[in-house]
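Student: Just passing along the structure, written as structure tokens.
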Amino acid sequence: MAQDIKNQILAGKIPEHIAMIMDGNGRWAQEKGMDRIFGHHQGVETVRRMVEACSELGVKYLTLYAFSTENWARPIHEVNALMELLVSTLRAEVEKLNKNNVRLHTIGRTHDLPGKCQDELDEAIAQTQANTGLNLVLALSYSSKWDIANAAKKLAEAVEAKEISPGDIDEEKFRTQLSTCNFPEVELLIRTSGENRISNFLLWELAYAELYFTKTHWPDFNEEGLHKAIHDFQNRERRFGKTSEQIKNDQ
Ligand code: FPP
């Protein structure tokens, strides 16, 4: 059955860019009577599984919401544990990323992260920059409203410096100022753990993404869950504002 669905999706269109909101680590741990941090550690295992599964399917971009700007408001010991986990995971995984031809990128206010996180990220990004397989994008200290406001600020500065005029600003120009400007549009967003919201993640980039919500907590999410989400994606009609008849004629 699991192999059936995998073969089926491999015969169809694999989304080029998948984004994931990795929710439910804390609840998963608490339901087991464990500390929330244990949930984050287990969450890293799911990250590993998703990177491997996406590479295997030929997904080109995987963007993971690892830490939002709002997450800074969590108890300090949880913030510190997440930062430590980021450092230890990068250190432990960079070799495997290279082996699997995965290239690492980040989006967000990474300059807000502790120095050792920034150093470890810079190192992992540099070490994987020649890889040509999956692009793994970690959203860290990320907020989509911040990214959009920042893009507006950069354009305003360019107008002030007379490099462009206000009339030059259109959707394409605006897009070039976002931190995701080098990545293609997101085609599929997966959020685990039963919340049906976007939580300030990739608001611009999700404009025409298919949204998939599952009740499974992130530490329990696996390849089979990913395959189901892609199967669901492949069975949707993506009309981009056109009519169903137009889409059928285009095919
Ligand atoms: C959401 O679960 C998860 C996070 C805020 C952090 C995600 C981090 C990881 C999976 C580990 C580190 C990642 C990398 C890439 C090394 P939650 O804590 O909001 O869960 P809850 O909603 O049940 O409280």
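FYI, nothing fancy with the structure tokens labels: chains A, B, ... in order, residues from 1 per chain, ligands from 1 as they appear.
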Give the residues close to ligand 1, within 6 Å, counting only C-alpha atoms and all ligand atoms; write them as a ChimeraX atom specification.
Tutor: /A:22-27,40,43-44,66-67,85-86,89
Student: Name the residues of range 150-224 of chain A that fall into alpha helix (DSSP H) according to DSSP on the backbone, using the chain letters and numbers of this document, as a ChimeraX atom specification.
Tutor: /A:150-160,171-175,223-224
Student: Mind writing the picked residues with C-alpha atoms as a PDB file, in the first residue's frame?
Tutor:
ATOM      1  CA  ASN A 150      11.632  44.949   4.399  1.00  0.00           C
ATOM      2  CA  ALA A 151      11.093  44.588   0.644  1.00  0.00           C
ATOM      3  CA  ALA A 152       8.951  47.757   0.672  1.00  0.00           C
ATOM      4  CA  LYS A 153      11.698  49.580   2.580  1.00  0.00           C
ATOM      5  CA  LYS A 154      14.383  48.534   0.074  1.00  0.00           C
ATOM      6  CA  LEU A 155      12.242  49.711  -2.850  1.00  0.00           C
ATOM      7  CA  ALA A 156      11.531  53.032  -1.105  1.00  0.00           C
ATOM      8  CA  GLU A 157      15.281  53.491  -0.608  1.00  0.00           C
ATOM      9  CA  ALA A 158      15.896  52.735  -4.299  1.00  0.00           C
ATOM     10  CA  VAL A 159      13.285  55.351  -5.240  1.00  0.00           C
ATOM     11  CA  GLU A 160      14.866  57.879  -2.871  1.00  0.00           C
ATOM     12  CA  GLU A 171       4.738  42.373  -8.615  1.00  0.00           C
ATOM     13  CA  GLU A 172       7.903  41.052 -10.256  1.00  0.00           C
ATOM     14  CA  LYS A 173      10.031  43.975  -9.004  1.00  0.00           C
ATOM     15  CA  PHE A 174       8.602  43.537  -5.507  1.00  0.00           C
ATOM     16  CA  ARG A 175       9.310  39.794  -5.544  1.00  0.00           C
ATOM     17  CA  GLU A 223       7.310   9.458   4.463  1.00  0.00           C
ATOM     18  CA  GLU A 224       3.862   7.939   4.155  1.00  0.00           C
TER      19      GLU A 224
END
Student: Under the rule that only C-alpha atoms are counted, which of A:His77, A:His41, A:His227, A:Arg36 is the nearest residue to Gln3 in chain A?
Tutor: A:His227
Student: Quick one: residues within 12 Å of Trp146 in chain A, only C-alpha atoms counted, chain neighbours fewer than 3 positions away excluded, as a VMD selection string?
Tutor: chain A and resid 68 to 70 107 to 109 141 to 143 149 to 153 178 to 179 200 to 204
Student: Hey, can you spit out that residue selection with N, CA, C and O atoms as a PDB file, in the first residue's frame?
Tutor:
ATOM      1  N   SER A  68      10.129  31.109  14.240  1.00  0.00           N
ATOM      2  CA  SER A  68       9.511  32.365  13.794  1.00  0.00           C
ATOM      3  C   SER A  68       9.983  33.521  14.683  1.00  0.00           C
ATOM      4  O   SER A  68      10.486  33.291  15.795  1.00  0.00           O
ATOM      5  N   THR A  69       9.787  34.742  14.216  1.00  0.00           N
ATOM      6  CA  THR A  69      10.162  35.883  15.071  1.00  0.00           C
ATOM      7  C   THR A  69       9.311  35.853  16.353  1.00  0.00           C
ATOM      8  O   THR A  69       9.789  36.226  17.420  1.00  0.00           O
ATOM      9  N   GLU A  70       8.091  35.340  16.235  1.00  0.00           N
ATOM     10  CA  GLU A  70       7.209  35.242  17.409  1.00  0.00           C
ATOM     11  C   GLU A  70       7.731  34.207  18.427  1.00  0.00           C
ATOM     12  O   GLU A  70       7.464  34.308  19.623  1.00  0.00           O
ATOM     13  N   ILE A 107      16.372  31.783   5.339  1.00  0.00           N
ATOM     14  CA  ILE A 107      15.644  33.046   5.173  1.00  0.00           C
ATOM     15  C   ILE A 107      15.297  33.537   6.571  1.00  0.00           C
ATOM     16  O   ILE A 107      15.165  32.722   7.491  1.00  0.00           O
ATOM     17  N   GLY A 108      15.155  34.842   6.721  1.00  0.00           N
ATOM     18  CA  GLY A 108      14.785  35.393   8.029  1.00  0.00           C
ATOM     19  C   GLY A 108      15.862  36.306   8.577  1.00  0.00           C
ATOM     20  O   GLY A 108      16.886  36.542   7.930  1.00  0.00           O
ATOM     21  N   ARG A 109      15.601  36.799   9.780  1.00  0.00           N
ATOM     22  CA  ARG A 109      16.521  37.732  10.436  1.00  0.00           C
ATOM     23  C   ARG A 109      17.618  36.929  11.141  1.00  0.00           C
ATOM     24  O   ARG A 109      17.691  36.921  12.377  1.00  0.00           O
ATOM     25  N   SER A 141      14.157  32.833  12.662  1.00  0.00           N
ATOM     26  CA  SER A 141      13.782  34.182  13.082  1.00  0.00           C
ATOM     27  C   SER A 141      13.053  34.844  11.906  1.00  0.00           C
ATOM     28  O   SER A 141      13.349  35.977  11.528  1.00  0.00           O
ATOM     29  N   TYR A 142      12.147  34.093  11.343  1.00  0.00           N
ATOM     30  CA  TYR A 142      11.463  34.510  10.123  1.00  0.00           C
ATOM     31  C   TYR A 142      10.040  34.961  10.437  1.00  0.00           C
ATOM     32  O   TYR A 142       9.340  34.359  11.250  1.00  0.00           O
ATOM     33  N   SER A 143       9.630  36.007   9.735  1.00  0.00           N
ATOM     34  CA  SER A 143       8.242  36.457   9.760  1.00  0.00           C
ATOM     35  C   SER A 143       7.964  37.008   8.374  1.00  0.00           C
ATOM     36  O   SER A 143       8.755  37.805   7.850  1.00  0.00           O
ATOM     37  N   ALA A 149       7.596  43.902   4.590  1.00  0.00           N
ATOM     38  CA  ALA A 149       7.877  45.295   4.967  1.00  0.00           C
ATOM     39  C   ALA A 149       9.314  45.674   4.577  1.00  0.00           C
ATOM     40  O   ALA A 149       9.585  46.790   4.105  1.00  0.00           O
ATOM     41  N   ASN A 150      10.228  44.716   4.742  1.00  0.00           N
ATOM     42  CA  ASN A 150      11.632  44.949   4.399  1.00  0.00           C
ATOM     43  C   ASN A 150      11.795  45.178   2.892  1.00  0.00           C
ATOM     44  O   ASN A 150      12.571  46.036   2.461  1.00  0.00           O
ATOM     45  N   ALA A 151      11.050  44.417   2.101  1.00  0.00           N
ATOM     46  CA  ALA A 151      11.093  44.588   0.644  1.00  0.00           C
ATOM     47  C   ALA A 151      10.591  45.987   0.273  1.00  0.00           C
ATOM     48  O   ALA A 151      11.194  46.678  -0.568  1.00  0.00           O
ATOM     49  N   ALA A 152       9.507  46.420   0.945  1.00  0.00           N
ATOM     50  CA  ALA A 152       8.951  47.757   0.672  1.00  0.00           C
ATOM     51  C   ALA A 152       9.984  48.826   1.021  1.00  0.00           C
ATOM     52  O   ALA A 152      10.175  49.804   0.279  1.00  0.00           O
ATOM     53  N   LYS A 153      10.681  48.610   2.151  1.00  0.00           N
ATOM     54  CA  LYS A 153      11.698  49.580   2.580  1.00  0.00           C
ATOM     55  C   LYS A 153      12.831  49.682   1.543  1.00  0.00           C
ATOM     56  O   LYS A 153      13.249  50.785   1.171  1.00  0.00           O
ATOM     57  N   LEU A 178      12.279  40.170  -1.925  1.00  0.00           N
ATOM     58  CA  LEU A 178      11.958  39.251  -0.821  1.00  0.00           C
ATOM     59  C   LEU A 178      13.133  38.301  -0.572  1.00  0.00           C
ATOM     60  O   LEU A 178      13.921  38.021  -1.489  1.00  0.00           O
ATOM     61  N   SER A 179      13.221  37.769   0.644  1.00  0.00           N
ATOM     62  CA  SER A 179      14.345  36.873   0.953  1.00  0.00           C
ATOM     63  C   SER A 179      14.231  35.550   0.197  1.00  0.00           C
ATOM     64  O   SER A 179      15.190  34.792   0.117  1.00  0.00           O
ATOM     65  N   ASN A 200       1.962  33.580   9.730  1.00  0.00           N
ATOM     66  CA  ASN A 200       2.990  34.549   9.301  1.00  0.00           C
ATOM     67  C   ASN A 200       4.127  33.890   8.514  1.00  0.00           C
ATOM     68  O   ASN A 200       5.274  34.306   8.591  1.00  0.00           O
ATOM     69  N   PHE A 201       3.797  32.847   7.753  1.00  0.00           N
ATOM     70  CA  PHE A 201       4.807  32.093   6.981  1.00  0.00           C
ATOM     71  C   PHE A 201       4.558  32.300   5.488  1.00  0.00           C
ATOM     72  O   PHE A 201       3.468  32.005   4.990  1.00  0.00           O
ATOM     73  N   LEU A 202       5.505  32.827   4.751  1.00  0.00           N
ATOM     74  CA  LEU A 202       5.485  32.882   3.284  1.00  0.00           C
ATOM     75  C   LEU A 202       4.167  33.409   2.699  1.00  0.00           C
ATOM     76  O   LEU A 202       3.615  32.817   1.763  1.00  0.00           O
ATOM     77  N   LEU A 203       3.674  34.516   3.260  1.00  0.00           N
ATOM     78  CA  LEU A 203       2.357  35.018   2.851  1.00  0.00           C
ATOM     79  C   LEU A 203       2.300  35.333   1.356  1.00  0.00           C
ATOM     80  O   LEU A 203       1.314  35.044   0.685  1.00  0.00           O
ATOM     81  N   TRP A 204       3.357  35.923   0.830  1.00  0.00           N
ATOM     82  CA  TRP A 204       3.412  36.262  -0.594  1.00  0.00           C
ATOM     83  C   TRP A 204       3.580  34.982  -1.430  1.00  0.00           C
ATOM     84  O   TRP A 204       2.896  34.761  -2.423  1.00  0.00           O
TER      85      TRP A 204
END
Student: May I have all residues of range 7-239 of chain A that DSSP, computed from the backbone, assigns to strand (DSSP E or B), given as an MDAnalysis selection string?
Tutor: chainID A and resid 17:21 61:68 103:107 135:142 188:191 210:213
Student: Would you write out those residues with C-alpha atoms, as a tab-separated table (two decimals), in the first residue's frame?
Tutor:
chain	number	residue	atom	x	y	z
A	17	HIS	CA	8.74	23.56	-3.91
A	18	ILE	CA	7.20	22.22	-0.72
A	19	ALA	CA	6.99	24.28	2.48
A	20	MET	CA	6.31	22.81	5.89
A	21	ILE	CA	5.07	24.25	9.18
A	61	TYR	CA	13.03	23.05	-2.75
A	62	LEU	CA	11.97	22.25	0.80
A	63	THR	CA	11.36	25.24	3.07
A	64	LEU	CA	10.97	24.51	6.78
A	65	TYR	CA	9.58	26.94	9.37
A	66	ALA	CA	12.15	26.24	12.06
A	67	PHE	CA	11.83	29.39	14.22
A	68	SER	CA	9.51	32.36	13.79
A	103	ARG	CA	22.28	22.61	-0.52
A	104	LEU	CA	21.41	24.63	2.58
A	105	HIS	CA	19.93	28.15	2.55
A	106	THR	CA	18.30	30.35	5.18
A	107	ILE	CA	15.64	33.05	5.17
A	135	ASN	CA	17.63	22.98	-1.78
A	136	LEU	CA	16.84	22.95	1.93
A	137	VAL	CA	15.69	26.38	3.12
A	138	LEU	CA	15.49	26.97	6.88
A	139	ALA	CA	13.26	29.85	7.95
A	140	LEU	CA	14.93	31.17	11.11
A	141	SER	CA	13.78	34.18	13.08
A	142	TYR	CA	11.46	34.51	10.12
A	188	LEU	CA	2.40	22.72	-1.62
A	189	LEU	CA	2.28	23.79	2.03
A	190	ILE	CA	2.00	21.08	4.67
A	191	ARG	CA	1.15	21.95	8.28
A	210	GLU	CA	-2.20	24.12	-2.25
A	211	LEU	CA	-2.62	23.93	1.52
A	212	TYR	CA	-2.58	20.55	3.26
A	213	PHE	CA	-3.31	20.18	6.96
Student: Considering only C-alpha atoms, can you say which of A:Gln42, A:Thr214, A:Gln8, A:Asn80 comes closest to Trp28 in chain A?
Tutor: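 Comparing A:Gln42, A:Thr214, A:Gln8, A:Asn80 against Trp28 in chain A, the winner is A:Gln42.
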Student: Could you tell me which of A:Ala124, A:Leu82, A:Val87, A:Leu206 comes closest to Ser144 in chain A if we count only C-alpha atoms?
Tutor: A:Leu206
Student: Just how far from CA of Lys6 in chain A is CA of Arg238 in chain A, in Å to one decimal?
Tutor: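 If I compute the distance from CA of Arg238 in chain A to CA of Lys6 in chain A, I get 21.3 Å.
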Student: For Thr128 in chain A, which residue among A:Ile148, A:Val59, A:Leu113, A:Val102 is the nearest when counting only C-alpha atoms?
Tutor: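 Answer, going by the shortest atom-to-atom distance: A:Val102.
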Student: Would you kindly return, as a list in words, each protein, DNA or RNA residue with an atom no farther than 7 Å from any atom of Asn222 in chain A, considering only C-alpha atoms and excluding same-chain residues fewer than 4 positions away?
Tutor: Thr46, Arg49 and Leu226 of chain A
